[in-house]
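File shown: coords19.cif (mmCIF, C-alpha atoms and all ligand atoms).
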```cif
data_start
loop_
_atom_site.label_atom_id
_atom_site.label_comp_id
_atom_site.auth_asym_id
_atom_site.auth_seq_id
_atom_site.Cartn_x
_atom_site.Cartn_y
_atom_site.Cartn_z
CA MET A 1 43.86 67.97 63.01
CA HIS A 2 41.22 70.50 61.95
CA GLU A 3 40.22 67.98 59.35
CA VAL A 4 39.32 65.38 61.98
CA ALA A 5 37.19 67.93 63.82
CA ASP A 6 35.40 68.87 60.58
CA ASN A 7 34.78 65.20 59.81
CA VAL A 8 33.33 64.55 63.27
CA LYS A 9 31.01 67.50 62.82
CA ARG A 10 29.86 66.35 59.39
CA ILE A 11 29.35 62.74 60.48
CA ARG A 12 27.39 63.90 63.53
CA GLN A 13 25.13 65.92 61.27
CA THR A 14 24.58 62.92 58.98
CA ILE A 15 23.80 60.72 62.00
CA ARG A 16 21.34 63.33 63.25
CA ASP A 17 19.61 63.77 59.87
CA THR A 18 19.40 60.02 59.31
CA ALA A 19 18.05 59.32 62.79
CA LEU A 20 15.40 62.01 62.45
CA SER A 21 14.41 60.70 59.01
CA VAL A 22 13.44 57.36 60.56
CA GLY A 23 12.02 58.70 63.81
CA ALA A 24 14.97 57.63 65.97
CA ASP A 25 16.45 59.78 68.74
CA PRO A 26 19.73 61.23 67.36
CA ASP A 27 21.15 61.56 70.88
CA SER A 28 20.79 57.83 71.45
CA ILE A 29 23.31 56.98 68.71
CA LEU A 30 26.93 56.62 69.78
CA LEU A 31 29.77 57.57 67.45
CA LEU A 32 32.86 55.41 67.94
CA ALA A 33 36.16 56.35 66.31
CA ALA A 34 37.74 53.19 64.85
CA ALA A 35 41.35 54.11 65.53
CA LYS A 36 43.45 51.30 64.07
CA THR A 37 46.70 52.66 62.54
CA GLN A 38 45.91 56.18 63.76
CA THR A 39 48.32 58.17 65.91
CA SER A 40 47.58 59.16 69.47
CA GLU A 41 47.43 62.79 68.29
CA ALA A 42 44.70 62.02 65.77
CA ILE A 43 42.74 60.10 68.41
CA VAL A 44 43.03 62.95 70.90
CA ALA A 45 41.75 65.31 68.19
CA ALA A 46 38.75 63.06 67.57
CA ILE A 47 37.98 62.95 71.29
CA SER A 48 38.26 66.74 71.53
CA ALA A 49 35.84 66.99 68.62
CA GLY A 50 33.33 64.94 70.57
CA VAL A 51 33.32 61.28 69.57
CA ASP A 52 31.63 59.09 72.19
CA ALA A 53 34.13 56.23 72.27
CA VAL A 54 37.31 54.92 70.66
CA GLY A 55 37.72 51.39 69.30
CA GLU A 56 40.92 49.46 68.70
CA ASN A 57 41.53 46.19 66.82
CA ARG A 58 44.98 45.16 67.88
CA VAL A 59 46.05 44.63 71.46
CA GLN A 60 49.69 45.62 70.99
CA GLU A 61 48.77 48.86 69.25
CA MET A 62 46.18 49.65 71.91
CA THR A 63 48.62 49.02 74.75
CA GLU A 64 51.14 51.44 73.22
CA LYS A 65 48.62 54.22 72.66
CA LEU A 66 47.12 53.64 76.08
CA SER A 67 50.51 54.37 77.63
CA GLN A 68 50.54 57.63 75.65
CA GLY A 69 47.19 58.64 77.13
CA ALA A 70 45.44 58.55 73.75
CA TYR A 71 42.01 57.52 75.04
CA SER A 72 41.63 59.89 77.94
CA GLY A 73 38.07 61.06 78.48
CA VAL A 74 36.04 58.47 76.57
CA PRO A 75 35.30 54.75 76.89
CA LEU A 76 37.69 52.40 75.11
CA HIS A 77 36.18 49.53 73.12
CA PHE A 78 37.93 46.49 71.75
CA ILE A 79 36.56 45.75 68.27
CA GLY A 80 39.13 43.36 66.78
CA HIS A 81 39.58 39.61 66.79
CA LEU A 82 40.50 38.64 70.34
CA GLN A 83 43.09 35.88 70.60
CA SER A 84 42.95 33.82 73.78
CA ASN A 85 46.53 34.67 74.75
CA LYS A 86 45.68 38.41 74.70
CA ILE A 87 42.58 38.27 76.87
CA ASN A 88 44.41 39.39 80.01
CA LYS A 89 45.48 42.58 78.23
CA VAL A 90 41.92 43.53 77.33
CA VAL A 91 39.68 42.45 80.21
CA GLY A 92 39.52 45.21 82.79
CA VAL A 93 41.38 47.54 80.40
CA CYS A 94 38.65 48.08 77.82
CA ASP A 95 35.28 49.41 78.93
CA LEU A 96 33.50 47.29 76.34
CA ILE A 97 34.68 44.26 74.37
CA GLU A 98 32.51 44.33 71.24
CA SER A 99 33.97 41.32 69.50
CA VAL A 100 33.13 38.25 71.57
CA GLY A 101 32.78 35.67 68.85
CA SER A 102 32.78 32.29 70.58
CA ALA A 103 31.69 30.50 73.72
CA GLU A 104 35.36 29.86 74.56
CA THR A 105 36.19 33.56 74.43
CA LEU A 106 33.17 34.46 76.52
CA THR A 107 34.12 31.88 79.15
CA ALA A 108 37.76 33.01 79.22
CA ILE A 109 36.72 36.65 79.62
CA GLY A 110 34.44 35.63 82.47
CA LYS A 111 37.25 33.82 84.27
CA ARG A 112 39.65 36.72 83.93
CA ALA A 113 37.03 39.23 85.07
CA GLN A 114 36.26 37.06 88.08
CA THR A 115 39.96 36.98 89.00
CA LEU A 116 40.05 40.78 88.77
CA ASN A 117 36.81 40.97 90.72
CA ILE A 118 35.17 43.14 88.07
CA ILE A 119 32.19 42.91 85.76
CA GLN A 120 33.28 43.10 82.12
CA ASP A 121 30.82 44.59 79.63
CA VAL A 122 30.72 42.80 76.29
CA LEU A 123 28.83 42.58 73.01
CA LEU A 124 28.40 39.33 71.10
CA GLU A 125 29.78 39.51 67.57
CA VAL A 126 27.47 37.81 65.09
CA ASN A 127 28.85 36.54 61.77
CA ILE A 128 25.74 37.70 59.99
CA GLY A 129 27.03 36.90 56.51
CA ARG A 130 28.04 33.40 57.64
CA GLU A 131 31.47 33.95 56.11
CA GLN A 132 33.87 31.08 56.65
CA GLN A 133 36.93 33.27 57.16
CA LYS A 134 35.27 35.67 59.57
CA SER A 135 34.99 35.35 63.33
CA GLY A 136 31.75 35.67 65.23
CA ILE A 137 28.92 33.40 66.22
CA ALA A 138 26.21 32.17 63.88
CA PRO A 139 22.90 33.94 64.58
CA GLU A 140 21.36 30.73 65.96
CA GLN A 141 24.21 30.44 68.51
CA THR A 142 23.21 33.68 70.19
CA GLU A 143 20.94 32.05 72.75
CA GLU A 144 23.64 29.56 73.72
CA LEU A 145 26.06 32.40 74.51
CA LEU A 146 23.41 34.32 76.42
CA HIS A 147 22.86 31.19 78.45
CA ILE A 148 26.58 31.03 79.29
CA ALA A 149 26.51 34.72 80.21
CA SER A 150 23.52 34.16 82.44
CA MET A 151 25.66 31.81 84.54
CA THR A 152 28.65 34.18 84.59
CA PRO A 153 28.19 37.05 87.07
CA SER A 154 31.52 38.63 86.03
CA ILE A 155 30.11 39.33 82.56
CA SER A 156 27.46 41.76 81.43
CA VAL A 157 26.19 41.39 77.86
CA LEU A 158 25.01 44.76 76.56
CA GLY A 159 24.08 43.78 73.02
CA LEU A 160 25.27 42.69 69.60
CA MET A 161 27.83 43.70 67.01
CA ALA A 162 28.26 42.65 63.38
CA ILE A 163 30.37 43.34 60.31
CA PRO A 164 28.54 42.37 57.10
CA PRO A 165 30.50 41.03 54.13
CA PHE A 166 32.84 43.56 52.55
CA GLY A 167 31.87 45.64 49.53
CA LEU A 168 28.11 45.15 49.47
CA SER A 169 25.63 47.53 47.91
CA PRO A 170 23.64 49.67 50.36
CA SER A 171 20.55 47.50 49.86
CA ASP A 172 22.46 44.27 50.54
CA ASN A 173 24.03 45.85 53.63
CA ARG A 174 20.56 46.86 54.71
CA ARG A 175 19.32 43.29 54.46
CA TYR A 176 22.02 42.10 56.91
CA PHE A 177 21.42 45.06 59.21
CA ASP A 178 17.69 44.28 59.28
CA GLU A 179 18.47 40.67 60.20
CA MET A 180 20.65 41.93 63.04
CA PHE A 181 17.95 44.28 64.25
CA ASN A 182 15.44 41.42 64.33
CA LEU A 183 17.86 39.30 66.35
CA PHE A 184 18.47 42.27 68.69
CA VAL A 185 14.74 42.72 69.26
CA ASP A 186 14.30 38.98 69.86
CA ILE A 187 16.97 38.74 72.54
CA ARG A 188 15.98 42.04 74.13
CA ALA A 189 12.54 40.57 74.79
CA LYS A 190 14.01 37.62 76.69
CA LYS A 191 15.17 37.76 80.28
CA TYR A 192 18.57 36.41 81.20
CA ASP A 193 20.68 37.18 84.26
CA ASN A 194 23.74 39.31 83.44
CA VAL A 195 22.24 40.35 80.12
CA SER A 196 20.93 43.85 79.57
CA VAL A 197 20.49 44.28 75.85
CA ARG A 198 20.67 47.88 74.72
CA LEU A 199 23.51 48.30 72.19
CA LEU A 200 23.42 47.34 68.52
CA SER A 201 26.82 48.06 66.99
CA LEU A 202 26.42 48.22 63.21
CA GLY A 203 27.76 50.44 60.47
CA MET A 204 31.15 51.72 59.28
CA SER A 205 32.22 54.61 57.03
CA ASP A 206 30.47 53.31 53.94
CA SER A 207 27.42 51.86 55.64
CA TYR A 208 26.49 53.82 58.76
CA VAL A 209 23.55 55.58 57.15
CA GLU A 210 21.93 52.26 56.25
CA ALA A 211 22.81 50.89 59.69
CA ILE A 212 21.09 53.73 61.51
CA LYS A 213 18.03 53.36 59.31
CA ALA A 214 17.95 49.70 60.39
CA GLY A 215 18.19 50.55 64.10
CA SER A 216 21.90 50.70 64.96
CA ASN A 217 22.77 52.83 67.98
CA LEU A 218 26.55 52.46 67.84
CA VAL A 219 28.41 53.21 64.61
CA ARG A 220 32.13 52.48 64.23
CA ILE A 221 33.76 54.97 61.87
CA GLY A 222 37.39 54.95 60.73
CA SER A 223 38.28 56.29 57.29
CA ALA A 224 35.44 58.83 57.04
CA LEU A 225 36.72 60.34 60.27
CA PHE A 226 40.52 60.08 60.01
CA GLY A 227 40.95 59.83 56.22
CA GLN A 228 41.91 56.78 54.18
CA ARG A 229 44.26 54.36 55.94
C1 LIG B 301 38.26 49.39 60.81
C2 LIG B 301 36.98 49.01 61.44
C3 LIG B 301 35.86 49.86 61.38
C4 LIG B 301 35.86 51.16 60.61
O1 LIG B 301 36.02 50.93 59.26
P1 LIG B 301 35.94 52.17 58.21
O2 LIG B 301 35.48 51.56 56.96
O3 LIG B 301 37.32 52.71 58.13
O4 LIG B 301 34.99 53.15 58.77
C5 LIG B 301 34.72 49.46 62.04
N1 LIG B 301 34.64 48.30 62.71
C6 LIG B 301 35.70 47.46 62.80
C7 LIG B 301 35.55 46.20 63.56
C8 LIG B 301 36.89 47.79 62.16
O5 LIG B 301 37.91 46.94 62.22
#
```
Output the file's structure in the form of structure tokens.
Amino acid sequence: MHEVADNVKRIRQTIRDTALSVGADPDSILLLAAAKTQTSEAIVAAISAGVDAVGENRVQEMTEKLSQGAYSGVPLHFIGHLQSNKINKVVGVCDLIESVGSAETLTAIGKRAQTLNIIQDVLLEVNIGREQQKSGIAPEQTEELLHIASMTPSISVLGLMAIPPFGLSPSDNRRYFDEMFNLFVDIRAKKYDNVSVRLLSLGMSDSYVEAIKAGSNLVRIGSALFGQR
């Protein structure tokens, strides 16, 4: 597990250098370990090495590792596609649900959170590449979901998340990240109840440098941290 610690250190340094190169505060950028398929031991090693959060994609996998104590000490984010029949296993369990990709999901999360008498933090996932097969809202739907959130006291929207199309060049990635940053700035300037926009979750192993240059403050890193899956 020394390797994971070395990777965290190296990625942190890259985050720091990149942030400084564009005049951003390196300490404001959160490093999330994307832990799908990883063992609890590897996750614990990443947490010991100082990642800020852990993200999981699959509810079943998360529930198993949770029972093994894999996430102790850091916030747990849900970053995968959230099926409606799994919502009860995520709301109130995850500190942040990053992948709210429809009005229906947002409403269902709100209902469950109300039943639990909690406020669930969420991000809205934007399908920035407008890919048919991918979940997430279209950019122009963002206001509609913020409006729903504004009427749902059991939900707190903290920002936006996106996954650009797979396999793009750095400059094409950058174009999508810039679009997301513009959307982030737009909605941050508006005032809605239950909305406190501060997180922009963009960037994975092959794109986090571009994402930070574009204004991301939450990068989700899997293979560069744990090795190839
Ligand atoms: C797997 C995954 C990541 C990390 O991907 P890597 O390319 O391995 O860094 C980030 N975000 C989401 C939503 C993922 O599913």
Selection as a list in words: residues within 6 Å of ligand LIG 301 (chain B) by all atoms listed in the file: Ala34, Asn57, Ile79, Gly80, Met204, Ser205, Arg220, Ile221, Gly222, Ser223 and Ala224 of chain A
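Nearest to A:Ile128 of all the residues A:Asp172, A:Asp206, A:Glu56, A:Glu144 is A:Asp172, counting only C-alpha atoms.
The protein and nucleic acid residues lying at most 9 Å from A:Ile187 are Thr142, Glu143, Leu146, Gly159, Asn182 and Val197 of chain A, with all atoms listed in the file considered and sequence neighbours fewer than 5 positions away removed.
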Nearest residue to A:His81 from the set A:Pro165, A:Gly101, A:Gly227, A:Gly203 (distances using all atoms listed in the file): A:Gly101
Near-A:Leu218 list (9 Å; all atoms listed in the file; drop same-chain fewer than 4 positions) as a PyMOL selection string: chain A and resi 28-32+161+199-203+212
Distance in Å - atom CA of A:Thr37 versus atom CA of A:Gly69: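 Distance reported for this atom pair: 15.8 Å.
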Selection near A:Ala19, 9 Å with only C-alpha atoms, sequence-local residues under 3 positions removed, as a list of chain:residue names: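 Close residues of A:Ala19: A:Thr14, A:Ile15, A:Arg16, A:Val22, A:Gly23, A:Ala24, A:Asp25, A:Pro26, A:Asp27, A:Ile29, A:Val209, A:Ile212, A:Lys213, A:Gly215.
Distance-wise, atom CA of A:Leu96 and atom CA of A:Asp121 end up 5.0 Å apart.
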Distance query stretch 38-49 of chain A at most 6 Å, all atoms listed in the file, self and fewer than 3 positions along chain excluded, as a list in words: Ala5, Ala35, Lys65 and Ala70 of chain A
For A:Arg198, the nearest of the candidates A:Phe226, A:Tyr176, A:Leu160, A:Arg10, counting only C-alpha atoms: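 Answer, going by the shortest atom-to-atom distance: A:Leu160.
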Atom CA of A:Glu98 to atom CA of A:Val59, straight-line distance in Å: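 Result for atom CA of A:Val59 versus atom CA of A:Glu98: 13.5 Å, one decimal.
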Can you pull out every residue within 6 Å of A:His77, counting all atoms listed in the file, but drop anything in the same chain fewer than 3 positions away, and send it as a CSV table (one decimal) with C-alpha atoms, in the coordinates of the input?
```csv
chain,number,residue,atom,x,y,z
A,55,GLY,CA,37.7,51.4,69.3
A,94,CYS,CA,38.6,48.1,77.8
A,95,ASP,CA,35.3,49.4,78.9
A,96,LEU,CA,33.5,47.3,76.3
A,97,ILE,CA,34.7,44.3,74.4
```
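Each of A:Ala113, A:Leu20, A:Val185, A:Ile155 was compared to A:Gly92 using all atoms listed in the file, and A:Ala113 turns out to be the nearest.
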Neighbours of point (29.1, 37.4, 88.5) within 12 Å, using all atoms listed in the file, written as a ChimeraX atom specification: /A:107,109-121,148-157,193-195
